[in-house]
Amino acid sequence: MTMAPAPPFGSYRTRGLGTTAEILTTDPGAAGSAAITLDRGLEWIDLLASRFRADSELSRLNAARGGTFPVSADLAEALGVALRAARLTEGAVTPTVGAAMVALGYDRDFAALPSDRPGPLPPMAPVPPWEAVVLDEPGRTVRVDAGVQLDLGATAKAWAADRIAARAAAAVGCGVLVSLGGDVAMAGDAPLGGWSIGLADRCDTPARDTDEVVIVATGGLATSGTASRAWRREGRVIHHLVDPRTGRPAAPCWRTVTVAAGSCVDANIAATAAVVLGPDAPGWLSERCLPARLVSTSGAVTAVGSWPVPGHARP
Amino acid sequence: MPTGPYPPDRARSIPAVAQRQAGLTRIRRLTKGMAAAAAGAVVVATGYVAHARPGHHASAATTLQPTTPPTTPPTTLEPSGGGDDSGAPSSAGGDDGSSVGGSAAVPAPAPLAPPTTAPRPATRPQVVSGSS
């Protein structure tokens with residue numbers, strides 16, 4: 001098949017949040033302005049919600065170890081997004097997994113994490129329920145129960161992608177795609193035919209090696225999986241997607257789940273929930289009319305809803 | 001099996017506290033605003049249903065909430081700025097004015113939004129989506 005040459009796009013790629021970050025613009029001349037928006041957005045979300053820098057607002061909230069605190073409007077919104085995720089997933093995706101993450105060994109930026117952590121695994125125990133966090137978003141206060149450590153990893157990056165894309169599109173007046181570690185948000189008018197996105201277990205996979213390619217034009221698309229941010233402990237592979245029911249990594253079922261949704265954060269909430277829900281995930285996604293592609297640990301692909309082509313992932 | 005991060009002394013007092021909590025919860029349901037104002041609390045929203053999800057344990061300890069208002073002012077974190085001059089991208093969504101937490105009075109959140117158009121197959125990717 002002969003392919004038409006790809007139209008020119010503006011693009012800028014950098015690193016942030018421990019992963020790759022990229023912005024594309026339908027107007028090639030807009031790349032410079034869009035790059036500035038991306039760089040500022042990465043610094044903003046890191047300073048707001050990183051668990052790995054002591055000066056972030058989230059780290060200062062966690063360091064207070066329980067109580068009622070005033071928070072900035074941005075952190076109030078970020079917490080609201082995380083608690084909405086918890087409610088919509090009935091606790092499968094919750095910001096209260098922070099202490100469990102630390103107990104499992106994910107206690108620093110992943111790049112600085114040894115591949116093999118010493119010591120036994122912590123005992124299985126449910127993480128605190130999301131109701132341990134009570135947010136008054138208009139009043140900008142949050143009450144956190146003692147012992148609860150917050151982690152916004154399941155929502156903050158995708159939420160930031162949505163916001164950066166919206167801001168960049170408004171600033172440059174053309175179509176924009178933002179990818180933060182594979183969490184993809186789109187804003188403005190998409191290029192003719194839409195944006196084409198390759199799917200893989202890891203976001204650092206070269207484009208030519210992706211398993212499947214789809215076109216989307218609006219909203220967001222996100223992939224969650226167990227192929228990255230994994231380490232070893234007690235001879236076992238530990239990954240970063242915690243099942244709140246056990247405080248342990250989600251049981252092996254899906255190694256990669258990709259969801260398309262009306263926004264990147266909704267896509268990521270659903271993708272993360274799917275990994276945690278395991279065998280129940282296809283039904284859960286279907287009930288919510290969310291097109292999705294689930295790859296099992298053996299490489300078998302399950303397409304949900306209006307997902308286009310069931311393919312077969314590389315083993 | 002541990003039931004949560006709560007100290008043993010709180011866990012031992014579960015029956016009495018839970019009983020008292022149930023009474024307070026009923027009162028709060030009826031006069032939530034008045035009770036909150038009288039207690040001087042910022043938001044006192046309790047989780048009546050800790051876990052609706054099958055298999056997600058609703059241990060007694062996890063339903064405990066403070067039953068008395070704080071006697072000292074809340075700890076204040078340093079002001080964090082967060083204004084538009086900080087480089088923060090503007091919010092894409094509006095504020096519905098609701099509180100979020102364990103209160104039964106909180107309206108249900110907006111459901112996860114499906115995409116406006118379904119993904120279509122393609123051949124040449126511009127970006128890659130994978131776990132990071």
# chains A, B, ... in the order shown; residues from 1 in each chain; ligands from 1
call {"tool": "residues_around", "arguments": {"residues": "stretch 199-215 of chain A", "least_positions_apart": "5", "cutoff": "9 Å", "atoms": "only C-alpha atoms", "output": "PyMOL selection string"}}
result
(chain A and resi 19-20+181-183+193-194+223-228+255-258+295+308-309+311-314) or (chain B and resi 118-132)
call {"tool": "residues_around", "arguments": {"residues": "stretch 126-129 of chain A", "least_positions_apart": "5", "cutoff": "6 Å", "atoms": "only C-alpha atoms", "output": "list in words"}}
result
Thr96, Val97, Pro244, Arg245, Thr246 and Gly247 of chain A
call {"tool": "select_by_dssp", "arguments": {"residues": "stretch 114-153 of chain A", "states": "strand (DSSP E)", "output": "VMD selection string"}}
result
chain A and resid 116 to 117 133 to 136 141 to 144
call {"tool": "write_last_selection", "arguments": {"atoms": "C-alpha atoms", "output": "PDB file, in the first residue's frame"}}
result
ATOM      1  CA  ASP A 116      16.554  -5.355  43.422  1.00  0.00           C
ATOM      2  CA  ARG A 117      15.325  -4.075  46.783  1.00  0.00           C
ATOM      3  CA  VAL A 133      -9.306  11.834  52.466  1.00  0.00           C
ATOM      4  CA  VAL A 134     -12.003  14.502  52.696  1.00  0.00           C
ATOM      5  CA  LEU A 135     -11.636  17.375  50.295  1.00  0.00           C
ATOM      6  CA  ASP A 136     -13.409  20.689  50.404  1.00  0.00           C
ATOM      7  CA  THR A 141      -8.878  22.378  52.483  1.00  0.00           C
ATOM      8  CA  VAL A 142      -8.232  18.698  52.776  1.00  0.00           C
ATOM      9  CA  ARG A 143      -8.450  16.412  55.768  1.00  0.00           C
ATOM     10  CA  VAL A 144      -6.224  13.354  55.671  1.00  0.00           C
TER      11      VAL A 144
END
call {"tool": "select_by_dssp", "arguments": {"residues": "stretch 230-300 of chain A", "states": "alpha helix (DSSP H)", "output": "PyMOL selection string"}}
result
chain A and resi 264-277+281-287
call {"tool": "residues_around", "arguments": {"residues": "A:Gln149", "least_positions_apart": "2", "cutoff": "8 Å", "atoms": "only C-alpha atoms", "output": "list in words"}}
result
Asn62, Arg65, Thr96, Val97, Gly98, Ala99, Gly147 and Asp151 of chain A
call {"tool": "write_last_selection", "arguments": {"atoms": "N, CA and C atoms", "output": "compact mmCIF listing (two decimals), in the first residue's frame"}}
result
# COMPACT_ATOMS: atom_id res chain seq x y z
N ASN A 62 2.03 15.14 52.71
CA ASN A 62 2.32 13.82 53.26
C ASN A 62 3.18 13.91 54.52
N ARG A 65 1.54 14.22 58.00
CA ARG A 65 1.07 12.97 58.62
C ARG A 65 -0.30 13.10 59.28
N THR A 96 -4.78 6.75 48.01
CA THR A 96 -4.32 6.37 49.35
C THR A 96 -3.32 5.21 49.33
N VAL A 97 -2.69 4.98 48.19
CA VAL A 97 -1.74 3.86 48.08
C VAL A 97 -0.30 4.28 48.41
N GLY A 98 -0.11 5.53 48.83
CA GLY A 98 1.26 6.02 49.02
C GLY A 98 2.09 5.16 49.96
N ALA A 99 1.55 4.83 51.13
CA ALA A 99 2.31 4.05 52.10
C ALA A 99 2.60 2.64 51.57
N GLY A 147 -1.65 8.49 59.16
CA GLY A 147 -1.14 7.26 58.58
C GLY A 147 -1.38 7.12 57.09
N ASP A 151 -0.60 9.28 46.99
CA ASP A 151 0.16 9.11 45.75
C ASP A 151 -0.80 9.42 44.60
